[in-house]
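Student: Here you go, run.cif (mmCIF, C-alpha atoms):
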```cif
data_my_file
loop_
_atom_site.group_PDB
_atom_site.id
_atom_site.type_symbol
_atom_site.label_atom_id
_atom_site.label_comp_id
_atom_site.auth_asym_id
_atom_site.auth_seq_id
_atom_site.Cartn_x
_atom_site.Cartn_y
_atom_site.Cartn_z
ATOM 1 C CA ASP A 1452 246.979 18.579 96.764
ATOM 2 C CA GLY A 1453 245.297 21.964 96.905
ATOM 3 C CA ASP A 1454 243.769 24.186 99.533
ATOM 4 C CA ALA A 1455 242.053 22.208 102.297
ATOM 5 C CA GLY A 1456 239.240 24.735 102.415
ATOM 6 C CA TYR A 1457 238.313 23.989 98.851
ATOM 7 C CA ARG A 1458 238.548 20.254 99.510
ATOM 8 C CA ARG A 1459 236.007 20.651 102.306
ATOM 9 C CA SER A 1460 233.572 22.206 99.827
ATOM 10 C CA GLY A 1461 232.654 18.673 98.833
ATOM 11 C CA PHE A 1462 232.167 17.950 95.135
ATOM 12 C CA VAL A 1463 230.946 14.540 96.317
ATOM 13 C CA SER A 1464 227.842 12.797 95.032
ATOM 14 C CA GLY A 1465 225.709 9.983 96.344
ATOM 15 C CA TYR A 1466 224.044 9.392 92.987
ATOM 16 C CA GLY A 1467 224.343 6.001 91.317
ATOM 17 C CA ALA A 1468 223.379 4.818 87.843
ATOM 18 C CA THR A 1469 222.413 1.658 86.081
ATOM 19 C CA ALA A 1470 223.455 1.468 82.433
ATOM 20 C CA ASP A 1471 220.695 1.265 79.817
ATOM 21 C CA VAL A 1472 221.426 -0.542 76.568
ATOM 22 C CA GLY A 1473 221.983 2.005 73.813
ATOM 23 C CA THR A 1474 222.397 4.965 76.187
ATOM 24 C CA GLU A 1475 225.617 6.805 75.493
ATOM 25 C CA MET A 1476 227.510 8.863 78.032
ATOM 26 C CA GLN A 1477 227.108 12.607 77.460
ATOM 27 C CA PRO A 1478 230.484 14.010 76.329
ATOM 28 C CA PRO A 1479 231.756 17.296 77.798
ATOM 29 C CA PHE A 1480 230.620 20.553 76.235
ATOM 30 C CA MET A 1481 230.839 24.306 76.725
ATOM 31 C CA PRO A 1482 227.511 26.106 77.283
ATOM 32 C CA SER A 1483 226.428 28.138 74.204
ATOM 33 C CA ALA A 1484 229.347 26.919 72.051
ATOM 34 C CA THR A 1485 228.468 25.689 68.567
ATOM 35 C CA GLN A 1486 229.733 22.471 67.021
ATOM 36 C CA SER A 1487 233.482 21.967 67.074
ATOM 37 C CA GLY A 1488 235.332 21.253 63.845
ATOM 38 C CA ALA A 1489 233.773 24.132 61.915
ATOM 39 C CA ASN A 1490 236.122 26.801 60.569
ATOM 40 C CA ARG A 1491 233.908 29.534 62.024
ATOM 41 C CA ARG A 1492 231.896 29.000 65.198
ATOM 42 C CA PHE A 1493 230.727 30.507 68.472
ATOM 43 C CA LEU A 1494 233.023 29.632 71.344
ATOM 44 C CA VAL A 1495 230.772 31.336 73.880
ATOM 45 C CA TRP A 1496 227.679 33.539 74.110
ATOM 46 C CA ASN A 1497 226.856 34.608 77.649
ATOM 47 C CA HIS A 1498 225.654 37.632 79.627
ATOM 48 C CA PHE A 1499 229.030 39.374 79.124
ATOM 49 C CA GLY A 1500 229.167 38.977 75.354
ATOM 50 C CA SER A 1501 230.193 36.548 72.636
ATOM 51 C CA ILE A 1502 233.281 35.163 70.931
ATOM 52 C CA VAL A 1503 233.238 34.037 67.310
ATOM 53 C CA ALA A 1504 236.363 32.133 66.302
ATOM 54 C CA ARG A 1505 237.805 31.431 62.882
ATOM 55 C CA THR A 1506 240.635 28.897 62.657
ATOM 56 C CA GLU A 1507 242.944 28.715 59.649
ATOM 57 C CA GLU A 1508 245.521 25.992 59.039
ATOM 58 C CA PHE A 1509 247.367 27.395 56.021
ATOM 59 C CA PRO A 1510 249.984 28.675 55.677
ATOM 60 C CA SER A 1511 250.163 28.174 59.476
ATOM 61 C CA VAL A 1512 247.692 27.421 62.242
ATOM 62 C CA GLN A 1513 246.083 30.486 63.799
ATOM 63 C CA THR A 1514 242.785 31.437 65.414
ATOM 64 C CA SER A 1515 241.109 34.827 65.121
ATOM 65 C CA MET A 1516 238.603 35.612 67.871
ATOM 66 C CA GLU A 1517 236.036 38.389 67.402
ATOM 67 C CA MET A 1518 234.600 39.628 70.690
ATOM 68 C CA ASP A 1519 231.389 41.579 71.146
ATOM 69 C CA PHE A 1520 230.096 42.800 74.502
ATOM 70 C CA VAL A 1521 226.647 43.285 75.919
ATOM 71 C CA ASP A 1522 227.639 46.522 77.662
ATOM 72 C CA THR A 1523 229.529 48.481 75.024
ATOM 73 C CA SER A 1524 229.958 51.408 77.430
ATOM 74 C CA LEU A 1525 232.540 49.294 79.285
ATOM 75 C CA PHE A 1526 234.275 47.491 76.421
ATOM 76 C CA LYS A 1527 234.255 47.991 72.688
ATOM 77 C CA PRO A 1528 234.292 45.047 70.240
ATOM 78 C CA PHE A 1529 237.791 43.882 69.372
ATOM 79 C CA SER A 1530 239.610 40.867 67.963
ATOM 80 C CA ILE A 1531 242.604 38.746 68.985
ATOM 81 C CA THR A 1532 244.685 36.501 66.744
ATOM 82 C CA GLN A 1533 246.554 33.598 68.311
ATOM 83 C CA PRO A 1534 249.144 31.380 66.551
ATOM 84 C CA ILE A 1535 247.367 28.271 67.896
ATOM 85 C CA ALA A 1536 244.060 26.454 67.439
ATOM 86 C CA ILE A 1537 241.678 27.592 70.207
ATOM 87 C CA ASP A 1538 239.179 24.878 71.106
ATOM 88 C CA LEU A 1539 237.541 26.274 74.285
ATOM 89 C CA ALA A 1540 236.845 29.805 75.492
ATOM 90 C CA THR A 1541 234.678 31.739 77.915
ATOM 91 C CA LEU A 1542 234.168 35.374 78.898
ATOM 92 C CA GLY A 1543 234.218 36.712 82.446
ATOM 93 C CA PRO A 1544 233.885 40.155 84.004
ATOM 94 C CA HIS A 1545 237.616 40.862 83.683
ATOM 95 C CA GLY A 1546 238.879 38.883 80.697
ATOM 96 C CA VAL A 1547 238.750 35.967 78.293
ATOM 97 C CA PHE A 1548 239.866 32.451 79.286
ATOM 98 C CA THR A 1549 240.935 30.126 76.447
ATOM 99 C CA SER A 1550 242.334 26.648 75.963
ATOM 100 C CA SER A 1551 244.296 25.052 73.168
ATOM 101 C CA ARG A 1552 244.321 21.408 74.210
ATOM 102 C CA GLY A 1553 246.535 21.540 77.305
ATOM 103 C CA PHE A 1554 247.613 25.188 77.009
ATOM 104 C CA LEU A 1555 245.588 27.727 79.026
ATOM 105 C CA GLN A 1556 245.578 31.501 78.594
ATOM 106 C CA PHE A 1557 243.803 34.285 80.431
ATOM 107 C CA GLN A 1558 243.820 37.705 78.808
ATOM 108 C CA MET A 1559 242.677 40.720 80.801
ATOM 109 C CA PHE A 1560 240.431 43.361 79.252
ATOM 110 C CA GLN A 1561 242.247 46.020 81.261
ATOM 111 C CA LYS A 1562 245.730 45.507 82.679
ATOM 112 C CA PHE A 1563 246.759 47.276 85.867
ATOM 113 C CA GLY A 1564 248.983 46.535 88.867
ATOM 114 C CA THR A 1565 249.464 42.826 89.454
ATOM 115 C CA LYS A 1566 246.408 41.968 87.356
ATOM 116 C CA SER A 1567 247.821 40.885 84.024
ATOM 117 C CA ASP A 1568 247.651 38.152 81.393
ATOM 118 C CA TRP A 1569 248.823 34.688 82.357
ATOM 119 C CA ALA A 1570 249.303 31.256 80.803
ATOM 120 C CA HIS A 1571 249.613 27.704 82.112
ATOM 121 C CA ASN A 1572 250.524 24.361 80.557
ATOM 122 C CA LEU A 1573 248.723 21.286 81.861
ATOM 123 C CA GLY A 1574 250.676 18.099 82.456
ATOM 124 C CA ASP A 1575 251.390 15.394 79.897
ATOM 125 C CA GLY A 1576 248.192 13.830 78.617
ATOM 126 C CA GLU A 1577 245.967 16.241 80.566
ATOM 127 C CA LEU A 1578 243.532 18.191 78.369
ATOM 128 C CA ALA A 1579 240.971 20.863 79.192
ATOM 129 C CA VAL A 1580 237.350 19.807 78.625
ATOM 130 C CA SER A 1581 235.501 22.730 80.263
ATOM 131 C CA LEU A 1582 236.271 26.289 81.395
ATOM 132 C CA ALA A 1583 234.562 28.744 83.732
ATOM 133 C CA VAL A 1584 235.347 32.262 84.978
ATOM 134 C CA GLY A 1585 234.050 34.036 88.084
ATOM 135 C CA ASP A 1586 234.693 37.401 89.707
ATOM 136 C CA HIS A 1587 238.342 36.855 90.636
ATOM 137 C CA TRP A 1588 239.042 33.258 89.692
ATOM 138 C CA SER A 1589 239.152 30.840 86.764
ATOM 139 C CA ALA A 1590 238.470 27.098 86.666
ATOM 140 C CA VAL A 1591 239.377 24.337 84.239
ATOM 141 C CA ALA A 1592 238.076 20.773 84.313
ATOM 142 C CA THR A 1593 240.262 18.200 82.588
ATOM 143 C CA ASN A 1594 240.039 14.727 81.083
ATOM 144 C CA THR A 1595 241.784 13.344 84.176
ATOM 145 C CA ARG A 1596 238.807 14.259 86.419
ATOM 146 C CA ARG A 1597 240.708 17.154 87.947
ATOM 147 C CA LEU A 1598 239.326 20.604 88.664
ATOM 148 C CA ARG A 1599 242.064 23.232 88.696
ATOM 149 C CA LEU A 1600 241.355 26.635 90.251
ATOM 150 C CA PHE A 1601 243.348 29.774 89.495
ATOM 151 C CA GLY A 1602 243.264 33.217 91.068
ATOM 152 C CA GLU A 1603 244.272 36.585 89.683
ATOM 153 C CA ALA A 1604 247.516 36.625 87.710
ATOM 154 C CA GLY A 1605 247.305 32.829 87.445
ATOM 155 C CA ALA A 1606 247.932 32.051 91.116
ATOM 156 C CA LYS A 1607 247.200 28.368 91.741
ATOM 157 C CA LEU A 1608 244.426 28.096 94.323
ATOM 158 C CA ALA A 1609 243.672 24.379 94.379
ATOM 159 C CA VAL A 1610 243.532 21.106 92.467
ATOM 160 C CA LEU A 1611 240.454 18.991 93.223
ATOM 161 C CA SER A 1612 239.676 15.407 92.325
ATOM 162 C CA LEU A 1613 236.140 15.020 90.935
ATOM 163 C CA PRO A 1614 233.895 11.953 91.459
ATOM 164 C CA GLY A 1615 233.424 11.389 87.730
ATOM 165 C CA PRO A 1616 233.987 12.762 84.210
ATOM 166 C CA VAL A 1617 232.906 16.396 83.818
ATOM 167 C CA VAL A 1618 230.019 17.218 81.492
ATOM 168 C CA SER A 1619 230.001 21.013 81.805
ATOM 169 C CA MET A 1620 230.584 23.971 84.134
ATOM 170 C CA CYS A 1621 229.021 27.377 84.717
ATOM 171 C CA ALA A 1622 229.960 30.354 86.869
ATOM 172 C CA HIS A 1623 228.468 33.549 88.231
ATOM 173 C CA GLY A 1624 230.176 35.874 90.676
ATOM 174 C CA PRO A 1625 231.764 33.695 93.393
ATOM 175 C CA LEU A 1626 229.771 30.573 92.451
ATOM 176 C CA LEU A 1627 230.985 27.630 90.402
ATOM 177 C CA GLY A 1628 228.643 24.896 89.207
ATOM 178 C CA VAL A 1629 229.979 21.582 87.940
ATOM 179 C CA PHE A 1630 227.952 18.880 86.159
ATOM 180 C CA PHE A 1631 229.580 15.451 86.180
ATOM 181 C CA HIS A 1632 228.851 11.763 85.649
ATOM 182 C CA SER A 1633 228.524 9.692 88.796
ATOM 183 C CA GLY A 1634 228.116 6.304 87.152
ATOM 184 C CA LEU A 1635 227.083 4.512 83.994
ATOM 185 C CA PRO A 1636 224.637 6.349 81.698
ATOM 186 C CA SER A 1637 220.913 5.779 82.096
ATOM 187 C CA ALA A 1638 217.929 7.245 80.266
ATOM 188 C CA THR A 1639 216.233 7.991 83.593
ATOM 189 C CA ASN A 1640 219.259 8.998 85.655
ATOM 190 C CA GLY A 1641 220.127 12.613 86.362
ATOM 191 C CA LEU A 1642 223.491 14.307 86.400
ATOM 192 C CA PRO A 1643 224.813 15.489 89.760
ATOM 193 C CA LEU A 1644 225.286 19.253 89.946
ATOM 194 C CA SER A 1645 227.730 20.531 92.565
ATOM 195 C CA PHE A 1646 227.979 24.203 93.574
ATOM 196 C CA SER A 1647 230.920 25.737 95.391
ATOM 197 C CA ASP A 1648 231.403 29.285 96.693
ATOM 198 C CA LEU A 1649 234.873 30.456 95.651
ATOM 199 C CA GLY A 1650 234.446 34.017 96.850
ATOM 200 C CA ALA A 1651 237.501 35.846 98.149
ATOM 201 C CA LYS A 1652 235.727 36.431 101.476
ATOM 202 C CA SER A 1653 234.862 32.752 101.973
ATOM 203 C CA LYS A 1654 237.816 30.472 101.311
ATOM 204 C CA ARG A 1655 236.116 27.607 103.099
ATOM 205 C CA GLY A 1656 233.662 27.071 100.238
ATOM 206 C CA SER A 1657 230.124 25.803 100.574
ATOM 207 C CA THR A 1658 228.499 23.155 98.421
ATOM 208 C CA ASP A 1659 224.911 22.311 97.560
ATOM 209 C CA GLU A 1660 224.061 19.370 95.331
ATOM 210 C CA ALA A 1661 221.085 18.798 93.052
ATOM 211 C CA ALA A 1662 220.182 16.429 90.231
ATOM 212 C CA ALA A 1663 219.660 17.817 86.737
ATOM 213 C CA THR A 1664 217.905 15.854 84.037
ATOM 214 C CA GLN A 1665 220.256 14.481 81.379
ATOM 215 C CA THR A 1666 219.244 15.192 77.798
#
```
Now that the file is in, can you turn its structure into structure tokens?

Tutor:
Amino acid sequence: DGDAGYRRSGFVSGYGATADVGTEMQPPFMPSATQSGANRRFLVWNHFGSIVARTEEFPSVQTSMEMDFVDTSLFKPFSITQPIAIDLATLGPHGVFTSSRGFLQFQMFQKFGTKSDWAHNLGDGELAVSLAVGDHWSAVATNTRRLRLFGEAGAKLAVLSLPGPVVSMCAHGPLLGVFFHSGLPSATNGLPLSFSDLGAKSKRGSTDEAAATQT
């Protein structure tokens, strides 16, 4: 399912891999996030700002997120408290995108017109493993090798099937980059990197692929 234009963008790799004894598959991670499991940690630190999260379990589970911004003339530091355990988060030009297992939330910095907060529950057994936010879209990669794309106000743009388990994602403007496994792990094998243009003016999408060294 999903928009045919996005499907034509590719997300296909010709890379193969031969397993090396003792080489473990790189698990998914969020760029700039510190180790999960800590009570206080960075969820993200990018060119928009940073989010430091503190999760408490007693007397009830809640997560406090402290947000600081690079350009304080646009947004002042503020905090949000959620009655759930936030495990993934990223900042974009218009808001913060978070995940609590299979529950997604996007919270706008400024609400106006049809541009407002939205939330989405993933299906049974489907969990978010990586998030990314662009100019007017949000993306979530899941443990079922799906890439789900959302527009403003949570409009569902597409659901893509990826060639392998996602390692990480990054975004800038209309561009989305996805790192994924294309085969068994190898000490000398690279990770495929797929780019897609999700700009509002180019719904067809365009993809370039490159290999990045796995570390």

Student: Any idea what the distance is between atom CA of Phe1526 of chain A and atom CA of Gln1561 of chain A?

Tutor: 9.4 Å

Student: Kindly resolve the PyMOL selection byres ((chain A and resi 1605) around 8) on the present coordinates and return the residues as an NGL selection string.

Tutor: :A and (1557 or 1569-1571 or 1601-1604 or 1606-1607)

Student: Quick one: distance from atom CA of Leu1613 of chain A to atom CA of Phe1631 of chain A in Å, one decimal?

Tutor: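 These two atoms are separated by 8.1 Å.
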
Student: Please identify all polymer residues within 7 Å of Pro1534 of chain A, counting all atoms listed in the file, omitting same-chain residues fewer than 6 positions from it, and present them as a count of residues only.

Tutor: 3

Student: Just the number, please: distance in Å from atom CA of Arg1491 of chain A to atom CA of Pro1528 of chain A, one decimal.

Tutor: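 Those two atoms sit 17.6 Å apart.
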
Student: With a distance cut-off of 6 Å and all atoms listed in the file, select the neighbouring residues of Met1518 of chain A, excluding the residue or stretch itself and same-chain residues fewer than 6 positions from it, and output the selection as a list of chain:residue names.

Tutor: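 Surrounding residues, per the criterion: A:Ser1501, A:Ile1502, A:Pro1528, A:Phe1529, A:Ser1530.
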
Student: I need the residue nearest Val1495 of chain A from this list: A:Asp1538, A:Asp1522, A:Asp1586, A:Glu1475. Use all atoms listed in the file for the distance.

Tutor: A:Asp1538

Student: Mind checking which residues fall within 6 Å of Gly1500 of chain A, counting all atoms listed in the file, ignoring those fewer than 5 positions away in the same chain, and posting them as a count of residues only?

Tutor: 3

Student: Taking into account only C-alpha atoms, which residue in the set A:Pro1479, A:Leu1626, A:Ala1484, A:Met1620 is nearest to Leu1578 of chain A?

Tutor: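 Closest candidate: A:Pro1479.
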
Student: Considering all atoms listed in the file, state which residue in the set A:Leu1649, A:Leu1573, A:Val1580, A:Leu1600 is at the smallest distance from Pro1482 of chain A.

Tutor: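 Comparing A:Leu1649, A:Leu1573, A:Val1580, A:Leu1600 against Pro1482 of chain A, the winner is A:Val1580.
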
Student: Could you give me, as a PyMOL selection string, the residues within 9 Å of Pro1544 of chain A, counting all atoms listed in the file and dropping anything in the same chain fewer than 3 positions from it?

Tutor: chain A and resi 1499+1547+1560+1584-1587+1624

Student: With the PyMOL selection byres ((chain A and resi 1616) around 8) as the selection, what would be picked from this file? Answer as an MDAnalysis selection string, please.

Tutor: chainID A and resid 1594:1596 1613:1615 1617:1618 1631:1633

Student: Please provide the set of residues having any atom within 12 Å of Glu1577 of chain A, restricted to all atoms listed in the file, with same-chain residues fewer than 6 positions apart removed, written as a PyMOL selection string.

Tutor: chain A and resi 1550-1555+1591-1599

Student: With distances taken over all atoms listed in the file, which residue among A:Gln1477, A:Asn1490, A:Thr1532, A:Ser1483 lies nearest Thr1506 of chain A?

Tutor: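 Under the stated criterion, the closest residue is A:Asn1490.
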
Student: With distances taken over only C-alpha atoms, which of A:Leu1582, A:Met1476, A:Val1629, A:Leu1611 is nearest to Leu1539 of chain A?

Tutor: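 For Leu1539 of chain A, the nearest of the candidates is A:Leu1582.
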